[in-house]
file structure_34.txt (compact mmCIF, C-alpha atoms)
# COMPACT_ATOMS: atom_id res chain seq x y z
CA MET A 1473 16.76 9.01 -6.62
CA LYS A 1474 17.49 8.23 -10.24
CA ARG A 1475 15.77 10.64 -12.64
CA LYS A 1476 13.81 9.16 -15.52
CA ASN A 1477 15.24 9.64 -18.99
CA LEU A 1478 12.90 12.25 -20.44
CA ILE A 1479 14.14 11.71 -23.97
CA GLY A 1480 13.24 8.03 -23.89
CA PHE A 1481 9.98 8.86 -22.18
CA GLY A 1482 8.99 11.29 -24.91
CA LEU A 1483 8.98 14.41 -22.71
CA VAL A 1484 11.73 16.48 -24.24
CA ALA A 1485 11.22 20.09 -23.13
CA PRO A 1486 7.42 19.79 -22.97
CA LEU A 1487 7.07 23.40 -21.87
CA ALA A 1488 8.44 24.46 -25.24
CA LEU A 1489 5.69 22.57 -27.06
CA GLY A 1490 2.78 24.74 -25.94
CA ILE A 1491 -0.49 23.56 -24.49
CA THR A 1492 -0.83 20.68 -26.98
CA GLY A 1493 2.56 19.31 -26.00
CA ILE A 1494 1.90 19.74 -22.29
CA THR A 1495 -1.46 17.98 -22.59
CA ALA A 1496 0.11 15.09 -24.51
CA ALA A 1497 2.91 14.84 -21.96
CA SER A 1498 0.37 14.79 -19.13
CA ALA A 1499 -1.47 11.92 -20.80
CA ARG A 1500 1.78 9.97 -21.11
CA LEU A 1501 2.59 10.65 -17.47
CA TYR A 1502 -0.88 9.55 -16.43
CA ASP A 1503 -0.60 6.27 -18.29
CA TYR A 1504 2.88 5.71 -16.91
CA ALA A 1505 1.70 6.18 -13.32
CA PHE A 1506 -1.92 5.00 -13.33
CA ARG A 1507 -2.36 2.37 -16.04
CA ARG A 1508 -2.38 -1.25 -14.94
CA VAL A 1509 0.65 -3.43 -15.71
CA ASP A 1510 0.37 -7.23 -15.59
CA TYR A 1511 3.84 -7.84 -14.25
CA VAL A 1512 5.68 -6.84 -11.09
CA PRO A 1513 8.36 -4.24 -11.90
CA GLU A 1514 11.90 -4.91 -10.79
CA THR A 1515 12.62 -3.71 -7.28
CA SER A 1516 14.84 -0.70 -6.61
CA ALA A 1517 18.59 -1.19 -6.77
CA ASP A 1518 19.05 -0.64 -3.03
CA LYS A 1519 16.89 -3.72 -2.30
CA GLN A 1520 18.40 -6.06 -4.90
CA LYS A 1521 20.69 -7.37 -2.17
CA TYR A 1522 17.66 -8.93 -0.47
CA ALA A 1523 16.57 -10.90 -3.55
CA ASP A 1524 17.54 -14.33 -2.24
CA GLU A 1525 15.67 -13.80 1.03
CA TYR A 1526 12.67 -12.42 -0.86
CA TYR A 1527 12.38 -15.48 -3.11
CA ASN A 1528 12.69 -17.78 -0.11
CA TYR A 1529 9.54 -16.12 1.23
CA VAL A 1530 7.84 -16.43 -2.16
CA ASN A 1531 8.67 -20.15 -2.22
CA TRP A 1532 7.09 -20.46 1.23
CA PHE A 1533 3.99 -18.68 -0.10
CA HIS A 1534 3.69 -21.11 -3.02
CA ASN A 1535 4.05 -24.17 -0.83
CA ILE A 1536 1.68 -23.36 2.03
CA PRO A 1537 -2.03 -24.29 1.88
CA THR A 1538 -4.19 -21.37 0.75
CA HIS A 1539 -7.78 -20.53 -0.15
CA HIS A 1540 -9.13 -18.17 -2.78
CA TRP A 1541 -11.49 -15.37 -1.66
CA THR A 1542 -13.39 -13.01 -3.95
CA LEU A 1543 -15.37 -9.78 -3.63
CA HIS A 1544 -18.05 -8.88 -6.20
CA ALA A 1545 -17.67 -12.26 -7.92
CA ASP A 1546 -20.43 -11.59 -10.46
CA ASP A 1547 -19.25 -8.10 -11.41
CA LEU A 1548 -16.43 -8.47 -13.92
CA GLU A 1549 -15.49 -4.78 -13.74
CA ASN A 1550 -15.26 -4.71 -9.94
CA ARG A 1551 -14.16 -8.22 -9.03
CA VAL A 1552 -11.39 -8.26 -6.43
CA GLU A 1553 -9.37 -11.37 -5.55
CA ALA A 1554 -7.41 -12.41 -2.48
CA THR A 1555 -5.36 -15.29 -1.11
CA PHE A 1556 -6.20 -16.54 2.38
CA ILE A 1557 -3.60 -18.43 4.40
CA PRO A 1558 -5.08 -20.25 7.42
CA ALA A 1559 -3.06 -20.02 10.61
CA ALA A 1560 -1.09 -23.06 11.70
CA LYS A 1561 -3.48 -23.25 14.65
CA LEU A 1562 -6.61 -23.89 12.60
CA ASP A 1563 -9.08 -22.40 15.08
CA SER A 1564 -7.16 -19.12 15.39
CA LYS A 1565 -9.38 -16.05 15.56
CA LYS A 1566 -6.51 -13.69 14.79
CA THR A 1567 -6.33 -12.41 11.20
CA VAL A 1568 -4.15 -9.83 9.49
CA ILE A 1569 -5.26 -8.18 6.24
CA ILE A 1570 -2.20 -7.04 4.27
CA ALA A 1571 -2.21 -4.29 1.64
CA HIS A 1572 0.50 -4.53 -1.03
CA GLY A 1573 2.45 -1.75 -2.69
CA TYR A 1574 2.30 0.03 -6.03
CA LYS A 1575 2.20 -2.38 -9.00
CA GLY A 1576 2.61 -5.33 -6.66
CA ASN A 1577 0.16 -8.05 -5.59
CA GLY A 1578 -0.50 -10.29 -2.64
CA GLU A 1579 2.44 -12.55 -3.44
CA THR A 1580 4.89 -9.64 -3.19
CA MET A 1581 3.97 -9.39 0.49
CA SER A 1582 5.11 -12.95 1.22
CA ASN A 1583 7.71 -11.86 3.77
CA TYR A 1584 5.14 -9.95 5.82
CA ALA A 1585 2.66 -12.81 5.41
CA LYS A 1586 5.13 -15.30 6.87
CA MET A 1587 6.00 -12.92 9.70
CA PHE A 1588 2.37 -12.69 10.80
CA TYR A 1589 1.81 -16.40 10.13
CA ASP A 1590 4.70 -17.18 12.50
CA MET A 1591 3.00 -14.89 15.03
CA GLY A 1592 -0.10 -17.11 14.90
CA TYR A 1593 -2.29 -15.19 12.44
CA ASN A 1594 -4.50 -16.11 9.56
CA VAL A 1595 -3.33 -13.99 6.63
CA LEU A 1596 -5.49 -12.37 3.95
CA LEU A 1597 -3.60 -11.02 0.93
CA PRO A 1598 -5.82 -9.06 -1.48
CA ASP A 1599 -4.76 -8.06 -4.97
CA ASP A 1600 -5.84 -4.43 -5.26
CA ARG A 1601 -7.88 -3.26 -8.22
CA ALA A 1602 -5.78 -3.14 -11.41
CA HIS A 1603 -3.24 -5.47 -9.80
CA GLY A 1604 -2.66 -9.22 -9.89
CA ARG A 1605 -5.84 -11.23 -10.48
CA SER A 1606 -8.23 -8.37 -9.69
CA SER A 1607 -10.12 -6.37 -12.31
CA GLY A 1608 -9.51 -2.77 -13.34
CA ASP A 1609 -7.50 -0.86 -15.90
CA TYR A 1610 -6.23 2.00 -13.74
CA ILE A 1611 -4.58 2.13 -10.34
CA ASN A 1612 -6.61 4.12 -7.81
CA PHE A 1613 -3.80 4.56 -5.27
CA GLY A 1614 -5.84 3.18 -2.40
CA TRP A 1615 -8.88 5.41 -2.67
CA ILE A 1616 -11.34 2.83 -4.00
CA ASP A 1617 -9.31 0.01 -2.48
CA ARG A 1618 -10.04 1.38 1.01
CA LEU A 1619 -13.70 0.44 0.58
CA ASP A 1620 -12.69 -3.05 -0.54
CA PHE A 1621 -10.65 -3.37 2.65
CA VAL A 1622 -13.76 -2.58 4.67
CA ASP A 1623 -15.46 -5.40 2.76
CA TRP A 1624 -12.50 -7.71 3.37
CA ALA A 1625 -12.74 -7.02 7.11
CA ASN A 1626 -16.44 -7.86 7.05
CA SER A 1627 -15.64 -11.02 5.07
CA VAL A 1628 -13.20 -12.11 7.78
CA VAL A 1629 -15.86 -11.60 10.45
CA SER A 1630 -18.37 -13.55 8.37
CA ARG A 1631 -16.02 -16.46 7.70
CA ILE A 1632 -13.88 -16.62 10.86
CA GLY A 1633 -16.49 -15.49 13.36
CA ALA A 1634 -17.80 -12.57 15.38
CA ASP A 1635 -15.00 -13.15 17.90
CA SER A 1636 -12.36 -12.35 15.25
CA GLN A 1637 -9.46 -10.06 16.09
CA ILE A 1638 -8.27 -8.24 12.98
CA ILE A 1639 -5.15 -6.21 12.25
CA MET A 1640 -4.80 -4.15 9.08
CA PHE A 1641 -1.27 -3.72 7.74
CA GLY A 1642 0.20 -2.23 4.57
CA VAL A 1643 3.43 -1.04 2.98
CA SER A 1644 4.00 1.91 0.61
CA MET A 1645 0.79 2.40 -1.40
CA GLY A 1646 -0.59 -0.33 0.85
CA GLY A 1647 0.39 1.72 3.87
CA ALA A 1648 -1.53 4.68 2.48
CA THR A 1649 -4.47 2.36 1.75
CA ILE A 1650 -4.57 1.30 5.40
CA GLN A 1651 -4.31 4.93 6.50
CA MET A 1652 -7.29 5.81 4.31
CA THR A 1653 -9.23 2.74 5.42
CA SER A 1654 -8.83 3.89 9.02
CA GLY A 1655 -11.36 6.67 8.43
CA GLU A 1656 -14.13 4.32 7.31
CA ASN A 1657 -16.84 2.52 9.27
CA LEU A 1658 -14.98 -0.67 10.09
CA PRO A 1659 -16.35 -3.58 12.10
CA PRO A 1660 -15.37 -3.55 15.79
CA GLN A 1661 -13.31 -6.70 15.24
CA VAL A 1662 -10.63 -4.52 13.60
CA LYS A 1663 -8.39 -3.77 16.56
CA LEU A 1664 -5.18 -2.20 15.22
CA MET A 1665 -3.81 -0.44 12.12
CA ILE A 1666 -0.17 -0.48 10.95
CA SER A 1667 1.27 1.49 8.02
CA ASP A 1668 4.83 1.25 6.71
CA CYS A 1669 5.95 4.17 4.49
CA GLY A 1670 2.52 5.30 3.33
CA TYR A 1671 2.10 8.71 1.65
CA SER A 1672 0.15 11.56 3.21
CA SER A 1673 -1.80 12.46 0.05
CA LEU A 1674 -1.71 11.56 -3.63
CA ARG A 1675 -1.36 15.18 -4.73
CA ASP A 1676 1.70 15.66 -2.53
CA GLU A 1677 3.22 12.35 -3.64
CA LEU A 1678 2.69 13.09 -7.33
CA SER A 1679 4.07 16.60 -6.95
CA TYR A 1680 7.13 15.27 -5.15
CA LEU A 1681 7.84 12.56 -7.74
CA LEU A 1682 7.29 14.88 -10.71
CA LYS A 1683 10.00 17.13 -9.34
CA GLU A 1684 12.40 14.42 -8.14
CA GLN A 1685 12.05 11.92 -11.00
CA PHE A 1686 11.24 14.14 -13.98
CA ASN A 1687 12.20 17.66 -12.88
CA LEU A 1688 8.76 18.83 -13.99
CA PRO A 1689 6.63 21.55 -12.40
CA SER A 1690 3.70 20.13 -10.48
CA LYS A 1691 1.64 23.33 -10.83
CA ILE A 1692 1.39 22.69 -14.57
CA PHE A 1693 1.14 18.91 -14.76
CA VAL A 1694 -0.82 17.88 -11.65
CA PRO A 1695 -4.04 19.73 -12.66
CA LEU A 1696 -3.95 18.09 -16.09
CA ILE A 1697 -3.25 14.65 -14.64
CA ASN A 1698 -6.08 15.26 -12.19
CA ALA A 1699 -8.47 16.13 -15.03
CA ILE A 1700 -7.57 12.90 -16.85
CA ASN A 1701 -8.07 10.88 -13.68
CA HIS A 1702 -11.42 12.50 -12.96
CA HIS A 1703 -12.58 11.61 -16.45
CA ARG A 1704 -11.34 8.00 -16.32
CA MET A 1705 -11.82 7.11 -12.65
CA GLY A 1706 -14.51 9.51 -11.45
CA PHE A 1707 -12.67 11.07 -8.53
CA SER A 1708 -10.18 13.85 -7.92
CA ILE A 1709 -6.65 13.08 -6.80
CA ASP A 1710 -7.35 15.55 -3.99
CA ASP A 1711 -9.81 13.04 -2.59
CA VAL A 1712 -6.94 10.61 -2.02
CA SER A 1713 -5.82 11.91 1.34
CA SER A 1714 -4.45 9.87 4.21
CA ILE A 1715 -4.45 13.02 6.33
CA ARG A 1716 -8.21 13.58 6.15
CA GLN A 1717 -8.98 9.92 6.68
CA LEU A 1718 -6.61 9.54 9.63
CA ARG A 1719 -8.33 12.40 11.44
CA LYS A 1720 -11.37 10.11 11.70
CA ASN A 1721 -9.42 7.09 12.93
CA THR A 1722 -10.51 5.56 16.25
CA ARG A 1723 -8.01 2.69 16.57
CA PRO A 1724 -4.42 2.43 17.82
CA PHE A 1725 -2.13 3.17 14.89
CA LEU A 1726 1.54 2.35 14.35
CA PHE A 1727 3.47 4.29 11.71
CA ILE A 1728 6.75 2.87 10.38
CA HIS A 1729 9.00 4.73 7.95
CA GLY A 1730 12.55 4.51 6.69
CA GLU A 1731 14.83 7.35 7.70
CA LYS A 1732 16.32 7.54 4.19
CA ASP A 1733 13.15 7.08 2.15
CA ILE A 1734 13.39 9.19 -1.02
CA TYR A 1735 10.28 7.83 -2.76
CA VAL A 1736 7.81 8.63 0.00
CA PRO A 1737 9.76 11.23 1.98
CA THR A 1738 9.89 10.72 5.73
CA TYR A 1739 8.17 14.04 6.45
CA MET A 1740 4.97 12.44 5.13
CA ALA A 1741 5.08 10.00 8.05
CA ASP A 1742 5.33 12.95 10.42
CA GLU A 1743 2.34 14.61 8.76
CA SER A 1744 0.27 11.44 8.96
CA PHE A 1745 1.25 10.87 12.56
CA GLU A 1746 0.23 14.39 13.53
CA ALA A 1747 -3.16 13.98 11.86
CA CYS A 1748 -3.96 10.72 13.66
CA PRO A 1749 -5.67 10.80 17.07
CA ASP A 1750 -4.19 8.94 20.01
CA PRO A 1751 -3.29 6.21 20.72
CA LYS A 1752 -0.53 6.15 18.15
CA GLU A 1753 3.17 5.40 17.82
CA ILE A 1754 5.80 6.13 15.19
CA TRP A 1755 9.04 4.27 14.44
CA ILE A 1756 11.54 5.88 12.08
CA VAL A 1757 13.96 3.10 11.12
CA PRO A 1758 17.58 4.32 10.92
CA ASN A 1759 19.27 4.02 7.50
CA ALA A 1760 16.23 2.37 5.88
CA SER A 1761 15.23 3.41 2.36
CA HIS A 1762 11.73 3.02 0.94
CA ALA A 1763 10.06 -0.20 2.12
CA GLU A 1764 13.39 -1.45 3.46
CA SER A 1765 12.59 -1.36 7.18
CA PHE A 1766 11.70 -5.05 7.36
CA TRP A 1767 14.70 -6.18 5.37
CA ILE A 1768 17.29 -4.34 7.45
CA ASN A 1769 16.38 -6.38 10.52
CA PRO A 1770 13.36 -8.72 10.21
CA GLN A 1771 13.50 -9.77 13.86
CA ALA A 1772 13.54 -6.17 15.13
CA TYR A 1773 10.65 -5.38 12.80
CA GLN A 1774 8.59 -8.29 14.10
CA THR A 1775 9.45 -7.43 17.70
CA LYS A 1776 8.32 -3.83 17.26
CA ILE A 1777 4.99 -4.94 15.79
CA GLN A 1778 4.48 -7.58 18.49
CA GLN A 1779 5.15 -5.00 21.20
CA PHE A 1780 2.57 -2.68 19.66
CA ILE A 1781 0.02 -5.50 19.46
CA ASP A 1782 0.68 -6.55 23.06
CA LYS A 1783 0.31 -2.98 24.27
CA TYR A 1784 -2.97 -2.16 22.57
CA SER A 1785 -4.79 -5.45 22.01
CA LYS A 1786 -7.92 -5.85 24.09

call {"tool": "encode", "arguments": {"input": "structure_34.txt", "output": "structure tokens"}}
result
Amino acid sequence: MKRKNLIGFGLVAPLALGITGITAASARLYDYAFRRVDYVPETSADKQKYADEYYNYVNWFHNIPTHHWTLHADDLENRVEATFIPAAKLDSKKTVIIAHGYKGNGETMSNYAKMFYDMGYNVLLPDDRAHGRSSGDYINFGWIDRLDFVDWANSVVSRIGADSQIIMFGVSMGGATIQMTSGENLPPQVKLMISDCGYSSLRDELSYLLKEQFNLPSKIFVPLINAINHHRMGFSIDDVSSIRQLRKNTRPFLFIHGEKDIYVPTYMADESFEACPDPKEIWIVPNASHAESFWINPQAYQTKIQQFIDKYSK
């Protein structure tokens, strides 16, 4: 993992600056990690080799018929937007709701959207709060988004019908969002949950990245970042726990994770898997880095998911 340049970031030896310097550095770190950006950052170097394939999927996304769905349409501060792609078989009752990753949006999940579309699904692609077309100034790392995903599931039932069959799927932050959604009161039409490289808790993920990317001590910075977040967002980062939510899950759950993931370390998949009640499965993809499992072998990825669906669908 490439370390961030602390000089350019304005964090030169913050511990030598006293409490004022540490507090200022924490505020800069918070804005760096939590503040909304209205562009999709460049992907990691290890996935640049998939750029041509990725843009082929994006082109497919832009050329297929879609509909626009909205939650909280009259509430400008809480309005959440999504793209709905009807299945090729127009009366299909099968729908997948896909959660995107950190600083992404629904479009960035075009490859997964096409995969499920080819499997016969309607596809719903929300833009999380503080992402894409949705409102919000700060990223909530799936904690508030999980409640929106409950609402999206209910919207599918309302629009598609009470005989809907829903899968929830997400990657990276989206994977964690699905893990956290699993502990909520979902409609019975939600049949399966799938998470690819989701983190076990926000505190653990922040602590890990502070050390690996900035070589900064989490015991000093995480409490200050947490205080800022509590003031701005109204919740503690300790609330953002896949582990606690997964313990309440009642649906079959498939965990996917890259063997060589250094952004969300693979041990977090093991922790999440252990917390989740049966039935559950885990697939650690050999040689895959963060969010690379699909790209290494798209057909194997689709086959694994189809096998899981076939095994546990009722």

call {"tool": "closest_residue", "arguments": {"input": "structure_34.txt", "among": "A:Ile1768, A:Met1640, A:Val1694, A:Ala1760", "to": "Ser1667 in chain A", "atoms": "only C-alpha atoms"}}
result
A:Met1640

call {"tool": "closest_residue", "arguments": {"input": "structure_34.txt", "among": "A:Arg1675, A:Lys1519, A:His1534, A:Lys1663", "to": "Ile1639 in chain A", "atoms": "only C-alpha atoms"}}
result
A:Lys1663

call {"tool": "axis_aligned_box", "arguments": {"input": "structure_34.txt", "around": "range 1764-1778 of chain A", "padding_each_side": "3 Å", "output": "lines of an AutoDock Vina configuration file"}}
result
center_x = 10.9
center_y = -5.6
center_z = 11.0
size_x = 18.8
size_y = 14.4
size_z = 21.0

call {"tool": "closest_residue", "arguments": {"input": "structure_34.txt", "among": "A:Ser1582, A:Asn1594, A:Ser1607, A:Gln1520", "to": "His1539 in chain A", "atoms": "all atoms listed in the file"}}
result
A:Asn1594

call {"tool": "closest_residue", "arguments": {"input": "structure_34.txt", "among": "A:Phe1780, A:Tyr1504, A:Phe1686, A:Phe1533", "to": "Leu1726 in chain A", "atoms": "all atoms listed in the file"}}
result
A:Phe1780

call {"tool": "closest_residue", "arguments": {"input": "structure_34.txt", "among": "A:Gly1614, A:Pro1660, A:Pro1770, A:Pro1513", "to": "Leu1674 in chain A", "atoms": "all atoms listed in the file"}}
result
A:Gly1614

call {"tool": "closest_residue", "arguments": {"input": "structure_34.txt", "among": "A:His1703, A:Lys1683, A:His1540, A:Arg1723", "to": "Tyr1735 in chain A", "atoms": "all atoms listed in the file"}}
result
A:Lys1683

call {"tool": "residues_around", "arguments": {"input": "structure_34.txt", "residues": "range 1547-1564 of chain A", "least_positions_apart": "5", "cutoff": "6 Å", "atoms": "only C-alpha atoms", "output": "list in words"}}
result
Thr1538, His1539, His1540, Trp1541, Thr1542, Gly1592, Tyr1593, Asn1594, Val1595, Leu1596, Leu1597, Pro1598, Asp1599, Ser1606 and Ser1607 of chain A

call {"tool": "atom_distance", "arguments": {"input": "structure_34.txt", "atom1": "CA of Asp1742 in chain A", "atom2": "CA of Asn1612 in chain A"}}
result
23.5 Å

call {"tool": "atom_distance", "arguments": {"input": "structure_34.txt", "atom1": "CA of Glu1764 in chain A", "atom2": "CA of Phe1725 in chain A"}}
result
19.8 Å

call {"tool": "residues_around", "arguments": {"input": "structure_34.txt", "residues": "Val1622 in chain A", "least_positions_apart": "3", "cutoff": "12 Å", "atoms": "all atoms listed in the file", "output": "PDB file with C-alpha atoms, keeping the file's coordinate frame"}}
result
ATOM      1  CA  LEU A1543     -15.370  -9.780  -3.630  1.00  0.00           C
ATOM      2  CA  ILE A1569      -5.260  -8.180   6.240  1.00  0.00           C
ATOM      3  CA  PRO A1598      -5.820  -9.060  -1.480  1.00  0.00           C
ATOM      4  CA  TRP A1615      -8.880   5.410  -2.670  1.00  0.00           C
ATOM      5  CA  ILE A1616     -11.340   2.830  -4.000  1.00  0.00           C
ATOM      6  CA  ASP A1617      -9.310   0.010  -2.480  1.00  0.00           C
ATOM      7  CA  ARG A1618     -10.040   1.380   1.010  1.00  0.00           C
ATOM      8  CA  LEU A1619     -13.700   0.440   0.580  1.00  0.00           C
ATOM      9  CA  ALA A1625     -12.740  -7.020   7.110  1.00  0.00           C
ATOM     10  CA  ASN A1626     -16.440  -7.860   7.050  1.00  0.00           C
ATOM     11  CA  SER A1627     -15.640 -11.020   5.070  1.00  0.00           C
ATOM     12  CA  VAL A1628     -13.200 -12.110   7.780  1.00  0.00           C
ATOM     13  CA  VAL A1629     -15.860 -11.600  10.450  1.00  0.00           C
ATOM     14  CA  ILE A1638      -8.270  -8.240  12.980  1.00  0.00           C
ATOM     15  CA  MET A1640      -4.800  -4.150   9.080  1.00  0.00           C
ATOM     16  CA  THR A1649      -4.470   2.360   1.750  1.00  0.00           C
ATOM     17  CA  ILE A1650      -4.570   1.300   5.400  1.00  0.00           C
ATOM     18  CA  MET A1652      -7.290   5.810   4.310  1.00  0.00           C
ATOM     19  CA  THR A1653      -9.230   2.740   5.420  1.00  0.00           C
ATOM     20  CA  SER A1654      -8.830   3.890   9.020  1.00  0.00           C
ATOM     21  CA  GLY A1655     -11.360   6.670   8.430  1.00  0.00           C
ATOM     22  CA  GLU A1656     -14.130   4.320   7.310  1.00  0.00           C
ATOM     23  CA  ASN A1657     -16.840   2.520   9.270  1.00  0.00           C
ATOM     24  CA  LEU A1658     -14.980  -0.670  10.090  1.00  0.00           C
ATOM     25  CA  PRO A1659     -16.350  -3.580  12.100  1.00  0.00           C
ATOM     26  CA  PRO A1660     -15.370  -3.550  15.790  1.00  0.00           C
ATOM     27  CA  GLN A1661     -13.310  -6.700  15.240  1.00  0.00           C
ATOM     28  CA  VAL A1662     -10.630  -4.520  13.600  1.00  0.00           C
TER      29      VAL A1662
END

call {"tool": "atom_distance", "arguments": {"input": "structure_34.txt", "atom1": "CA of Arg1631 in chain A", "atom2": "CA of His1544 in chain A"}}
result
16.0 Å

call {"tool": "closest_atom_pairs", "arguments": {"input": "structure_34.txt", "of": "range 1693-1774 of chain A", "to": "range 1489-1497 of chain A", "cutoff": "9 Å", "atoms": "all atoms listed in the file", "output": "tab-separated table"}}
result
residue	atom	partner	partner_atom	distance
A:Phe1693	CA	A:Ile1494	CA	7.6
A:Leu1696	CA	A:Thr1495	CA	7.0
A:Ile1697	CA	A:Thr1495	CA	8.8

call {"tool": "residues_around", "arguments": {"input": "structure_34.txt", "residues": "Tyr1773 in chain A", "least_positions_apart": "3", "cutoff": "12 Å", "atoms": "all atoms listed in the file", "output": "number ranges by chain"}}
result
A: 1583-1584, 1587-1588, 1668, 1728-1730, 1755-1757, 1760, 1763-1770, 1776-1780

call {"tool": "residues_around", "arguments": {"input": "structure_34.txt", "residues": "Phe1727 in chain A", "least_positions_apart": "6", "cutoff": "8 Å", "atoms": "only C-alpha atoms", "output": "list of chain:residue names"}}
result
A:Ile1666, A:Ser1667, A:Asp1668, A:Cys1669, A:Ala1741, A:Phe1745, A:Lys1752, A:Glu1753, A:Ile1754, A:Trp1755

call {"tool": "residues_near_point", "arguments": {"input": "structure_34.txt", "point": "(0.7, 14.9, 5.1)", "cutoff": "7 Å", "atoms": "only C-alpha atoms", "output": "number ranges by chain"}}
result
A: 1672-1673, 1715, 1740, 1743-1744

call {"tool": "decode", "arguments": {"input": "structure_34.txt", "residues": "range 1669-1675 of chain A", "atoms": "all heavy atoms", "output": "PDB file, in the first residue's frame"}}
result
ATOM      1  N   CYS A1669     -15.676  -7.824  -0.029  1.00  0.00           N
ATOM      2  CA  CYS A1669     -14.617  -7.043   0.624  1.00  0.00           C
ATOM      3  C   CYS A1669     -15.122  -5.909   1.506  1.00  0.00           C
ATOM      4  O   CYS A1669     -14.593  -4.803   1.494  1.00  0.00           O
ATOM      5  CB  CYS A1669     -13.561  -6.550  -0.362  1.00  0.00           C
ATOM      6  SG  CYS A1669     -14.090  -5.444  -1.678  1.00  0.00           S
ATOM      7  N   GLY A1670     -16.171  -6.177   2.273  1.00  0.00           N
ATOM      8  CA  GLY A1670     -16.666  -5.199   3.237  1.00  0.00           C
ATOM      9  C   GLY A1670     -15.858  -5.219   4.524  1.00  0.00           C
ATOM     10  O   GLY A1670     -15.306  -6.245   4.916  1.00  0.00           O
ATOM     11  N   TYR A1671     -15.788  -4.075   5.220  1.00  0.00           N
ATOM     12  CA  TYR A1671     -15.020  -4.002   6.469  1.00  0.00           C
ATOM     13  C   TYR A1671     -15.876  -4.448   7.648  1.00  0.00           C
ATOM     14  O   TYR A1671     -17.112  -4.401   7.620  1.00  0.00           O
ATOM     15  CB  TYR A1671     -14.472  -2.593   6.709  1.00  0.00           C
ATOM     16  CG  TYR A1671     -15.397  -1.461   6.395  1.00  0.00           C
ATOM     17  CD1 TYR A1671     -16.407  -1.073   7.277  1.00  0.00           C
ATOM     18  CD2 TYR A1671     -15.278  -0.774   5.187  1.00  0.00           C
ATOM     19  CE1 TYR A1671     -17.256  -0.027   6.978  1.00  0.00           C
ATOM     20  CE2 TYR A1671     -16.133   0.277   4.872  1.00  0.00           C
ATOM     21  CZ  TYR A1671     -17.121   0.643   5.771  1.00  0.00           C
ATOM     22  OH  TYR A1671     -17.977   1.666   5.458  1.00  0.00           O
ATOM     23  N   SER A1672     -15.197  -4.874   8.701  1.00  0.00           N
ATOM     24  CA  SER A1672     -15.880  -5.400   9.880  1.00  0.00           C
ATOM     25  C   SER A1672     -16.411  -4.292  10.777  1.00  0.00           C
ATOM     26  O   SER A1672     -17.448  -4.454  11.416  1.00  0.00           O
ATOM     27  CB  SER A1672     -14.949  -6.314  10.674  1.00  0.00           C
ATOM     28  OG  SER A1672     -13.738  -5.638  10.986  1.00  0.00           O
ATOM     29  N   SER A1673     -15.698  -3.173  10.865  1.00  0.00           N
ATOM     30  CA  SER A1673     -16.175  -2.008  11.617  1.00  0.00           C
ATOM     31  C   SER A1673     -15.420  -0.789  11.130  1.00  0.00           C
ATOM     32  O   SER A1673     -14.280  -0.885  10.652  1.00  0.00           O
ATOM     33  CB  SER A1673     -15.970  -2.181  13.122  1.00  0.00           C
ATOM     34  OG  SER A1673     -14.612  -2.012  13.480  1.00  0.00           O
ATOM     35  N   LEU A1674     -16.041   0.375  11.262  1.00  0.00           N
ATOM     36  CA  LEU A1674     -15.395   1.605  10.818  1.00  0.00           C
ATOM     37  C   LEU A1674     -14.204   1.944  11.702  1.00  0.00           C
ATOM     38  O   LEU A1674     -13.182   2.408  11.193  1.00  0.00           O
ATOM     39  CB  LEU A1674     -16.399   2.750  10.798  1.00  0.00           C
ATOM     40  CG  LEU A1674     -15.873   4.099  10.298  1.00  0.00           C
ATOM     41  CD1 LEU A1674     -15.234   3.973   8.924  1.00  0.00           C
ATOM     42  CD2 LEU A1674     -16.992   5.135  10.290  1.00  0.00           C
ATOM     43  N   ARG A1675     -14.309   1.734  13.007  1.00  0.00           N
ATOM     44  CA  ARG A1675     -13.169   2.024  13.876  1.00  0.00           C
ATOM     45  C   ARG A1675     -11.956   1.194  13.460  1.00  0.00           C
ATOM     46  O   ARG A1675     -10.844   1.727  13.332  1.00  0.00           O
ATOM     47  CB  ARG A1675     -13.512   1.746  15.343  1.00  0.00           C
ATOM     48  CG  ARG A1675     -12.295   1.912  16.269  1.00  0.00           C
ATOM     49  CD  ARG A1675     -12.654   1.767  17.718  1.00  0.00           C
ATOM     50  NE  ARG A1675     -13.313   2.955  18.243  1.00  0.00           N
ATOM     51  CZ  ARG A1675     -12.674   3.989  18.766  1.00  0.00           C
ATOM     52  NH1 ARG A1675     -11.342   4.012  18.800  1.00  0.00           N
ATOM     53  NH2 ARG A1675     -13.346   5.022  19.235  1.00  0.00           N
TER      54      ARG A1675
END
